[in-house]
file my_file_16.txt (compact mmCIF, C-alpha atoms)
# COMPACT_ATOMS: atom_id res chain seq x y z
CA MET J 281 87.90 61.14 89.09
CA GLY J 282 90.96 61.32 86.82
CA GLU J 283 92.52 64.19 84.93
CA PRO J 284 90.13 66.65 83.26
CA ILE J 285 89.36 65.57 79.70
CA ASP J 286 89.76 67.83 76.66
CA CYS J 287 87.32 68.55 73.82
CA ARG J 288 88.72 65.82 71.60
CA GLU J 289 88.21 63.22 74.31
CA ALA J 290 84.74 64.62 75.08
CA ALA J 291 83.76 64.34 71.40
CA ALA J 292 84.99 60.73 71.35
CA ARG J 293 82.87 59.90 74.40
CA LEU J 294 79.77 61.85 73.44
CA GLN J 295 77.90 58.99 71.82
CA ASP J 296 78.50 56.62 74.73
CA TYR J 297 77.54 59.37 77.16
CA LEU J 298 74.21 59.95 75.41
CA LYS J 299 73.54 56.21 75.39
CA GLN J 300 74.38 56.05 79.12
CA GLU J 301 77.00 53.45 78.35
CA LEU J 302 79.92 55.08 80.18
CA THR J 303 81.24 53.83 83.50
CA PRO J 304 80.33 56.13 86.42
CA GLU J 305 83.89 57.46 86.49
CA LEU J 306 84.05 58.27 82.77
CA GLU J 307 80.58 59.76 82.93
CA ALA J 308 81.59 62.05 85.81
CA GLU J 309 84.61 63.25 83.79
CA MET J 310 82.37 63.89 80.82
CA ARG J 311 79.82 65.76 82.91
CA ALA J 312 82.58 67.91 84.43
CA HIS J 313 83.82 68.79 80.94
CA LEU J 314 80.35 69.69 79.70
CA GLU J 315 79.84 71.96 82.69
CA ARG J 316 82.85 74.07 81.84
CA CYS J 317 82.93 73.85 78.03
CA ARG J 318 80.15 75.73 76.28
CA PRO J 319 80.81 74.48 72.71
CA CYS J 320 80.81 70.84 73.83
CA PHE J 321 77.74 71.44 75.98
CA GLY J 322 75.98 72.94 72.93
CA HIS J 323 76.93 69.99 70.77
CA ALA J 324 75.78 67.50 73.41
CA ARG J 325 72.43 69.28 73.73
CA PHE J 326 71.98 69.24 69.94
CA GLU J 327 72.65 65.50 69.77
CA ALA J 328 70.40 64.82 72.78
CA ASN J 329 67.55 66.76 71.15
CA PHE J 330 68.03 64.77 67.96
CA LEU J 331 67.81 61.49 69.86
CA HIS J 332 64.77 62.65 71.80
CA MET J 333 63.05 63.60 68.54
CA LEU J 334 63.81 60.18 67.07
CA GLU J 335 62.50 58.31 70.09
CA THR J 336 59.33 60.42 70.16
CA ARG J 337 58.63 59.74 66.48
CA ALA J 338 59.16 56.03 66.96
CA ARG J 339 56.70 55.84 69.86
CA ARG J 340 53.85 57.41 67.92
CA CYS J 341 53.42 54.29 65.83
CA GLY J 342 52.17 51.03 67.34
CA CYS J 343 50.95 47.56 66.51
CA PRO J 344 47.58 47.70 64.68
CA GLY J 345 44.62 46.37 66.69
CA THR J 346 43.72 43.86 63.98
CA LEU J 347 47.20 42.32 64.11
CA ARG J 348 47.06 42.21 67.92
CA GLU J 349 43.77 40.30 67.76
CA ARG J 350 45.05 37.93 65.09
CA ILE J 351 48.15 37.11 67.13
CA ALA J 352 46.09 36.57 70.28
CA SER J 353 43.86 34.16 68.37
CA ILE J 354 46.80 32.25 66.83
CA LEU J 355 48.48 31.95 70.23
CA ARG J 356 45.22 30.73 71.79
CA THR J 357 45.00 27.97 69.19
CA GLU J 358 48.64 27.10 69.76
CA MET J 359 48.15 26.96 73.55
CA GLU J 360 45.09 24.73 73.26
CA ARG J 361 47.12 22.38 71.12
CA GLY J 362 49.53 22.17 74.03
CA MET L 226 37.25 27.68 75.08
CA ALA L 227 39.93 26.11 77.26
CA GLU L 228 41.71 28.27 79.80
CA PRO L 229 45.27 29.17 78.82
CA SER L 230 47.92 27.16 80.63
CA THR L 231 50.31 28.71 83.14
CA ALA L 232 53.01 28.78 80.48
CA GLY L 233 50.60 30.46 78.08
CA ARG L 234 49.70 33.12 80.61
CA ALA L 235 53.37 33.73 81.37
CA PHE L 236 54.09 34.13 77.68
CA ASP L 237 51.21 36.58 77.28
CA ALA L 238 52.42 38.62 80.23
CA GLU L 239 56.05 38.77 79.07
CA ALA L 240 55.68 39.00 75.30
CA LEU L 241 52.48 40.85 74.46
CA PRO L 242 53.60 44.20 75.99
CA HIS L 243 56.34 44.31 73.33
CA LEU L 244 54.07 44.04 70.29
CA ASP L 245 54.37 47.78 69.57
CA ALA L 246 58.17 47.62 69.56
CA LEU L 247 58.11 44.46 67.41
CA TYR L 248 55.73 45.98 64.88
CA ARG L 249 57.67 49.26 64.65
CA THR L 250 60.95 47.41 64.13
CA ALA L 251 59.38 45.07 61.57
CA LEU L 252 58.02 48.07 59.68
CA ARG L 253 61.45 49.71 59.55
CA LEU L 254 63.18 46.49 58.49
CA THR L 255 60.71 45.45 55.78
CA GLY L 256 59.49 48.88 54.71
CA ASP L 257 56.08 47.37 54.07
CA PRO L 258 53.07 47.21 56.47
CA ALA L 259 51.75 43.87 55.17
CA GLN L 260 55.18 42.20 55.41
CA ALA L 261 55.69 43.77 58.83
CA GLU L 262 52.47 42.18 60.06
CA ASP L 263 53.50 38.76 58.74
CA LEU L 264 56.94 39.15 60.29
CA VAL L 265 55.52 40.02 63.73
CA GLN L 266 53.08 37.12 63.55
CA ASP L 267 55.85 34.67 62.60
CA THR L 268 58.04 36.08 65.36
CA MET L 269 55.39 35.62 68.03
CA LEU L 270 54.67 32.07 66.96
CA LYS L 271 58.39 31.17 66.96
CA ALA L 272 58.84 32.87 70.32
CA TYR L 273 55.94 30.91 71.82
CA ARG L 274 57.30 27.62 70.48
CA SER L 275 60.74 28.32 71.93
CA TRP L 276 59.38 29.84 75.12
CA ARG L 277 61.13 27.23 77.24
CA GLN L 278 64.47 28.66 76.11
CA TYR L 279 63.61 32.05 77.53
CA ARG L 280 64.92 32.71 81.01
CA PRO L 281 62.20 34.51 82.98
CA GLY L 282 63.20 37.90 84.27
CA THR L 283 65.82 38.46 81.53
CA ASN L 284 65.23 40.95 78.74
CA ALA L 285 62.10 39.76 76.93
CA LYS L 286 62.16 42.69 74.51
CA GLY L 287 65.74 41.97 73.45
CA TRP L 288 64.94 38.27 73.10
CA LEU L 289 61.86 38.92 70.94
CA LEU L 290 63.67 41.48 68.78
CA THR L 291 66.48 38.97 68.22
CA ILE L 292 63.96 36.39 66.99
CA LEU L 293 62.32 39.03 64.81
CA ARG L 294 65.61 40.11 63.30
CA ASN L 295 66.75 36.53 62.61
CA THR L 296 63.40 35.71 61.05
CA PHE L 297 63.71 38.80 58.89
CA ILE L 298 67.21 37.86 57.72
CA ASN L 299 66.35 34.22 57.03
CA ASP L 300 62.87 34.47 55.58
CA TYR L 301 62.30 38.04 54.43
CA ARG L 302 65.47 39.88 53.51
CA ARG L 303 66.48 37.38 50.87
CA ARG L 304 63.29 38.17 48.98
CA LYS L 305 64.67 41.61 48.31
CA LEU L 306 68.40 40.83 48.29
CA GLU L 307 69.32 44.17 49.71
CA PRO L 308 72.96 45.14 49.38
CA VAL L 309 74.86 44.57 52.60
CA ALA L 310 77.67 46.82 53.75
CA THR L 311 78.37 48.47 50.44
CA ASP L 312 80.80 51.36 50.51
CA LEU L 313 80.10 52.00 54.16
CA GLU L 314 83.61 53.29 54.66
CA LEU L 315 83.09 55.92 52.01
CA VAL L 316 80.09 57.40 53.76
CA GLU L 317 81.23 60.24 55.96
CA PRO L 318 78.93 63.22 55.80
CA HIS L 319 79.98 66.32 57.66
CA ALA L 320 78.72 66.84 61.17
CA ILE L 321 75.47 68.72 60.86
CA TYR L 322 75.91 70.51 64.15
CA ARG L 323 78.90 72.42 62.79
CA ALA L 324 76.86 73.56 59.78
CA ILE L 325 73.91 74.72 61.80
CA GLU L 326 75.13 75.78 65.22
CA ASP L 327 74.86 79.50 64.37
CA VAL L 328 71.28 79.43 63.12
CA ASP L 329 69.73 76.57 65.09
CA PRO L 330 72.06 75.46 67.88
CA GLU L 331 69.45 73.29 69.58
CA GLY L 332 68.37 71.47 66.44
CA ALA L 333 64.80 72.75 66.67
CA PHE L 334 64.40 72.03 62.96
CA PHE L 335 64.25 68.29 63.67
CA SER L 336 60.91 68.68 65.42
CA LYS L 337 59.49 70.73 62.54
CA ILE L 338 59.84 67.82 60.11
CA VAL L 339 56.71 65.65 59.94
CA ASP L 340 56.83 62.06 61.22
CA GLU L 341 56.43 60.61 57.77
CA LYS L 342 59.54 62.35 56.43
CA VAL L 343 61.63 61.35 59.45
CA LEU L 344 60.62 57.72 59.04
CA GLU L 345 61.24 57.85 55.29
CA ALA L 346 64.75 59.10 55.99
CA VAL L 347 65.29 56.23 58.46
CA ASP L 348 64.03 53.74 55.86
CA ALA L 349 66.45 55.15 53.28
CA LEU L 350 69.51 54.36 55.43
CA PRO L 351 71.68 51.42 54.32
CA PRO L 352 70.22 48.26 55.97
CA ASP L 353 73.18 47.62 58.31
CA PHE L 354 72.97 51.16 59.65
CA ARG L 355 69.21 51.24 59.79
CA GLU L 356 68.80 48.17 61.99
CA VAL L 357 71.34 49.42 64.54
CA LEU L 358 69.73 52.86 64.69
CA VAL L 359 66.22 51.42 65.04
CA LEU L 360 67.22 49.03 67.83
CA SER L 361 69.25 51.65 69.67
CA ASP L 362 67.66 55.02 69.19
CA MET L 363 64.08 54.07 68.47
CA GLU L 364 63.64 50.98 70.66
CA GLY L 365 66.18 51.68 73.39
CA LEU L 366 68.32 48.51 73.33
CA SER L 367 71.80 48.78 74.85
CA TYR L 368 75.02 48.22 72.88
CA GLY L 369 75.33 44.79 74.47
CA GLU L 370 71.78 43.76 73.59
CA ILE L 371 72.22 44.90 69.99
CA ALA L 372 75.57 43.13 69.67
CA GLU L 373 73.91 39.93 70.87
CA ALA L 374 70.90 40.31 68.58
CA LEU L 375 72.97 41.02 65.48
CA GLU L 376 75.91 38.78 66.44
CA ILE L 377 78.46 41.52 65.84
CA PRO L 378 81.08 43.06 68.17
CA VAL L 379 80.08 46.01 70.38
CA GLY L 380 82.67 48.14 68.55
CA THR L 381 80.85 47.51 65.27
CA VAL L 382 77.53 48.46 66.87
CA LYS L 383 79.08 51.74 68.00
CA SER L 384 80.67 52.63 64.66
CA ARG L 385 77.52 51.78 62.70
CA LEU L 386 75.40 53.76 65.10
CA PHE L 387 77.68 56.78 64.84
CA ARG L 388 77.52 56.74 61.05
CA ALA L 389 73.79 56.03 60.98
CA ARG L 390 73.09 59.10 63.10
CA ARG L 391 75.36 61.27 60.96
CA LEU L 392 73.70 60.06 57.76
CA LEU L 393 70.22 60.58 59.14
CA GLN L 394 71.06 64.07 60.36
CA ALA L 395 72.55 64.95 56.98
CA SER L 396 69.46 63.68 55.20
CA LEU L 397 67.05 65.57 57.49
CA TYR L 398 69.17 68.71 57.24
CA ALA L 399 69.11 68.56 53.44
CA TYR L 400 65.33 68.11 53.54
CA ALA L 401 64.91 71.03 55.96
CA VAL L 402 66.98 73.34 53.75
CA GLU L 403 65.19 72.18 50.61
CA THR L 404 61.75 72.88 52.10
CA GLY L 405 62.73 76.18 53.72
CA ILE L 406 62.40 74.92 57.31
CA ILE L 407 65.90 76.30 57.82
CA PRO L 408 67.61 78.88 55.63
CA PRO L 409 70.71 77.76 53.72
CA ARG L 410 73.96 79.16 55.06
CA GLU L 411 75.03 82.20 53.09
CA ASP L 412 78.68 81.35 53.33
CA HIS L 413 78.01 77.78 52.31
CA ASP L 414 79.30 76.49 49.04
CA GLY L 415 75.61 75.57 48.38
call {"tool": "encode", "arguments": {"input": "my_file_16.txt", "output": "structure tokens"}}
result
Amino acid sequence: MGEPIDCREAAARLQDYLKQELTPELEAEMRAHLERCRPCFGHARFEANFLHMLETRARRCGCPGTLRERIASILRTEMERG
Amino acid sequence: MAEPSTAGRAFDAEALPHLDALYRTALRLTGDPAQAEDLVQDTMLKAYRSWRQYRPGTNAKGWLLTILRNTFINDYRRRKLEPVATDLELVEPHAIYRAIEDVDPEGAFFSKIVDEKVLEAVDALPPDFREVLVLSDMEGLSYGEIAEALEIPVGTVKSRLFRARRLLQASLYAYAVETGIIPPREDHDG
């Protein structure tokens, strides 16, 4: 792991960290910063809660059963056609 | 009725589990349930017809969402002629966390807003921001998958996503203050 990162660097990496898009090394540096910096930890938790809320809301809605049936029927016709 | 072919069964197994994600994304892109249904149906038919181009074991969800998005752009979006990338650089709302960290540091207010209002706020985002946010934060695609689907650089995905989240937070914050879910800051210029 490299040099400890500061709050500015942590803020710049926060989005990638939450998306799990950092390399293992950069993620470890970020995690180390969040462990010792309460303001950044608070901000990260706020953003993580926001993302969790968004994902939860998205998952409550699904494909209507009627559409599912219609698609299955169209695909069946298409498959029989070959 | 004839039995489905091996290819047909493979398509069913790979594609049908993603119908929920396709419908949700279609609904956010079109903003209309009837159009969303048509878009998903068109997408599935196109996907089946180009099934041979799909490499088994790769990301079926990303592949299907790419077809859906392209179909939307080519056949649906032009019906509405939505503005693309207007004044995006001018949009820079303040970070909501800084405004609220004293009263609601964990952002509990987000979960007090009903689903309908959250989705309305997503739908009100500029189209370029909305599609990135939906694919990333609602459907879980990676930066790389989104960049491929939208044919834009990863850096653009990241900057749009950052701004989309800020805009959405600002919109939900304003709604929460307006409806009394959170009190306005006393020292705010309000």
call {"tool": "interface_residues", "arguments": {"input": "my_file_16.txt", "of": "chain J", "to": "chain L", "cutoff": "6 Å", "atoms": "all atoms listed in the file", "output": "JSON, numbers by chain"}}
result
{"J": [326, 335, 338, 342, 343]}
call {"tool": "closest_residue", "arguments": {"input": "my_file_16.txt", "among": "J:Pro304, J:Gly362, J:Pro284, J:Pro344", "to": "J:Cys317", "atoms": "only C-alpha atoms"}}
result
J:Pro284
call {"tool": "residues_around", "arguments": {"input": "my_file_16.txt", "residues": "L:Thr268", "least_positions_apart": "3", "cutoff": "7 Å", "atoms": "all atoms listed in the file", "output": "mmCIF file with C-alpha atoms, keeping the file's coordinate frame"}}
result
data_model
loop_
_atom_site.group_PDB
_atom_site.id
_atom_site.type_symbol
_atom_site.label_atom_id
_atom_site.label_comp_id
_atom_site.auth_asym_id
_atom_site.auth_seq_id
_atom_site.Cartn_x
_atom_site.Cartn_y
_atom_site.Cartn_z
ATOM 1 C CA LEU L 264 56.940 39.150 60.290
ATOM 2 C CA VAL L 265 55.520 40.020 63.730
ATOM 3 C CA LYS L 271 58.390 31.170 66.960
ATOM 4 C CA ALA L 272 58.840 32.870 70.320
ATOM 5 C CA ILE L 292 63.960 36.390 66.990
ATOM 6 C CA LEU L 293 62.320 39.030 64.810
ATOM 7 C CA THR L 296 63.400 35.710 61.050
#
call {"tool": "atom_distance", "arguments": {"input": "my_file_16.txt", "atom1": "atom CA of L:Gly380", "atom2": "atom CA of L:Val357"}}
result
12.1 Å
call {"tool": "residues_near_point", "arguments": {"input": "my_file_16.txt", "point": "(88.0, 69.6, 76.6)", "cutoff": "9 Å", "atoms": "all atoms listed in the file", "output": "number ranges by chain"}}
result
J: 284-291, 313-314, 316-317, 320
call {"tool": "closest_residue", "arguments": {"input": "my_file_16.txt", "among": "J:Leu355, J:Leu331, J:Thr336, J:Arg293", "to": "J:Leu306", "atoms": "all atoms listed in the file"}}
result
J:Arg293
call {"tool": "residues_around", "arguments": {"input": "my_file_16.txt", "residues": "J:Glu307", "least_positions_apart": "6", "cutoff": "10 Å", "atoms": "only C-alpha atoms", "output": "PDB file with C-alpha atoms, in the frame of the given file"}}
result
ATOM      1  CA  MET J 281      87.900  61.140  89.090  1.00  0.00           C
ATOM      2  CA  ARG J 293      82.870  59.900  74.400  1.00  0.00           C
ATOM      3  CA  LEU J 294      79.770  61.850  73.440  1.00  0.00           C
ATOM      4  CA  ASP J 296      78.500  56.620  74.730  1.00  0.00           C
ATOM      5  CA  TYR J 297      77.540  59.370  77.160  1.00  0.00           C
ATOM      6  CA  LEU J 298      74.210  59.950  75.410  1.00  0.00           C
ATOM      7  CA  GLN J 300      74.380  56.050  79.120  1.00  0.00           C
ATOM      8  CA  GLU J 301      77.000  53.450  78.350  1.00  0.00           C
ATOM      9  CA  HIS J 313      83.820  68.790  80.940  1.00  0.00           C
TER      10      HIS J 313
END
call {"tool": "closest_residue", "arguments": {"input": "my_file_16.txt", "among": "J:Arg340, J:Phe330, J:Arg356, J:Leu347", "to": "L:Ala259", "atoms": "only C-alpha atoms"}}
result
J:Leu347
call {"tool": "closest_residue", "arguments": {"input": "my_file_16.txt", "among": "L:Ala349, L:Val328, L:Ala238, L:Ala320", "to": "L:Thr255", "atoms": "only C-alpha atoms"}}
result
L:Ala349
call {"tool": "atom_distance", "arguments": {"input": "my_file_16.txt", "atom1": "atom CA of J:Met310", "atom2": "atom CA of L:Leu397"}}
result
28.0 Å
call {"tool": "atom_distance", "arguments": {"input": "my_file_16.txt", "atom1": "atom CA of L:Leu290", "atom2": "atom CA of L:Ser275"}}
result
13.8 Å
call {"tool": "closest_residue", "arguments": {"input": "my_file_16.txt", "among": "L:Tyr279, L:Ile325, L:Tyr398, L:Arg355", "to": "L:Lys342", "atoms": "all atoms listed in the file"}}
result
L:Tyr398
call {"tool": "decode", "arguments": {"input": "my_file_16.txt", "residues": "stretch 272-305 of chain L", "atoms": "N, CA and C atoms", "output": "compact mmCIF listing (two decimals), in the first residue's frame"}}
result
# COMPACT_ATOMS: atom_id res chain seq x y z
N ALA L 272 -33.26 -9.43 -29.86
CA ALA L 272 -32.23 -10.23 -29.19
C ALA L 272 -32.31 -11.68 -29.67
N TYR L 273 -33.52 -12.21 -29.80
CA TYR L 273 -33.66 -13.60 -30.25
C TYR L 273 -33.12 -13.76 -31.68
N ARG L 274 -33.44 -12.78 -32.52
CA ARG L 274 -33.01 -12.87 -33.92
C ARG L 274 -31.50 -12.70 -34.08
N SER L 275 -30.87 -12.03 -33.11
CA SER L 275 -29.40 -11.89 -33.20
C SER L 275 -28.71 -12.75 -32.15
N TRP L 276 -29.40 -13.76 -31.71
CA TRP L 276 -28.90 -14.63 -30.63
C TRP L 276 -27.57 -15.26 -30.98
N ARG L 277 -27.34 -15.51 -32.25
CA ARG L 277 -26.07 -16.15 -32.65
C ARG L 277 -24.88 -15.25 -32.38
N GLN L 278 -25.13 -13.92 -32.29
CA GLN L 278 -24.03 -13.00 -32.03
C GLN L 278 -23.65 -12.96 -30.55
N TYR L 279 -24.52 -13.51 -29.72
CA TYR L 279 -24.23 -13.50 -28.28
C TYR L 279 -23.25 -14.61 -27.94
N ARG L 280 -22.24 -14.26 -27.17
CA ARG L 280 -21.28 -15.28 -26.74
C ARG L 280 -21.73 -15.83 -25.40
N PRO L 281 -22.09 -17.13 -25.37
CA PRO L 281 -22.59 -17.71 -24.13
C PRO L 281 -21.62 -17.51 -22.97
N GLY L 282 -22.17 -17.25 -21.82
CA GLY L 282 -21.33 -17.09 -20.64
C GLY L 282 -20.87 -15.65 -20.44
N THR L 283 -21.03 -14.78 -21.46
CA THR L 283 -20.71 -13.36 -21.25
C THR L 283 -21.93 -12.71 -20.60
N ASN L 284 -21.90 -11.40 -20.46
CA ASN L 284 -22.93 -10.73 -19.69
C ASN L 284 -24.24 -10.53 -20.47
N ALA L 285 -25.17 -11.44 -20.27
CA ALA L 285 -26.43 -11.39 -21.02
C ALA L 285 -27.22 -10.13 -20.68
N LYS L 286 -27.19 -9.75 -19.41
CA LYS L 286 -27.94 -8.56 -19.00
C LYS L 286 -27.42 -7.31 -19.71
N GLY L 287 -26.10 -7.15 -19.74
CA GLY L 287 -25.50 -6.01 -20.41
C GLY L 287 -25.82 -6.02 -21.90
N TRP L 288 -25.77 -7.21 -22.49
CA TRP L 288 -26.06 -7.36 -23.93
C TRP L 288 -27.51 -6.96 -24.22
N LEU L 289 -28.43 -7.45 -23.42
CA LEU L 289 -29.86 -7.14 -23.62
C LEU L 289 -30.14 -5.66 -23.39
N LEU L 290 -29.52 -5.09 -22.36
CA LEU L 290 -29.75 -3.67 -22.07
C LEU L 290 -29.17 -2.79 -23.18
N THR L 291 -28.08 -3.25 -23.80
CA THR L 291 -27.52 -2.50 -24.93
C THR L 291 -28.50 -2.50 -26.10
N ILE L 292 -29.10 -3.66 -26.38
CA ILE L 292 -30.09 -3.75 -27.47
C ILE L 292 -31.28 -2.85 -27.13
N LEU L 293 -31.71 -2.91 -25.88
CA LEU L 293 -32.87 -2.10 -25.46
C LEU L 293 -32.58 -0.62 -25.63
N ARG L 294 -31.40 -0.21 -25.21
CA ARG L 294 -31.04 1.20 -25.27
C ARG L 294 -30.94 1.67 -26.72
N ASN L 295 -30.31 0.84 -27.58
CA ASN L 295 -30.19 1.22 -28.99
C ASN L 295 -31.56 1.29 -29.66
N THR L 296 -32.42 0.35 -29.31
CA THR L 296 -33.77 0.35 -29.87
C THR L 296 -34.51 1.61 -29.43
N PHE L 297 -34.32 1.96 -28.18
CA PHE L 297 -34.94 3.17 -27.65
C PHE L 297 -34.48 4.41 -28.44
N ILE L 298 -33.16 4.53 -28.59
CA ILE L 298 -32.60 5.69 -29.29
C ILE L 298 -33.10 5.76 -30.74
N ASN L 299 -33.07 4.61 -31.42
CA ASN L 299 -33.41 4.60 -32.85
C ASN L 299 -34.90 4.70 -33.12
N ASP L 300 -35.70 4.03 -32.31
CA ASP L 300 -37.12 3.91 -32.66
C ASP L 300 -38.07 4.66 -31.73
N TYR L 301 -37.59 5.03 -30.55
CA TYR L 301 -38.51 5.63 -29.58
C TYR L 301 -38.17 7.07 -29.24
N ARG L 302 -36.89 7.33 -28.98
CA ARG L 302 -36.53 8.65 -28.48
C ARG L 302 -36.88 9.74 -29.49
N ARG L 303 -36.72 9.41 -30.77
CA ARG L 303 -36.94 10.46 -31.77
C ARG L 303 -38.42 10.88 -31.82
N ARG L 304 -39.29 10.05 -31.30
CA ARG L 304 -40.70 10.44 -31.24
C ARG L 304 -40.88 11.67 -30.34
N LYS L 305 -40.06 11.71 -29.32
CA LYS L 305 -40.20 12.81 -28.36
C LYS L 305 -39.20 13.94 -28.60
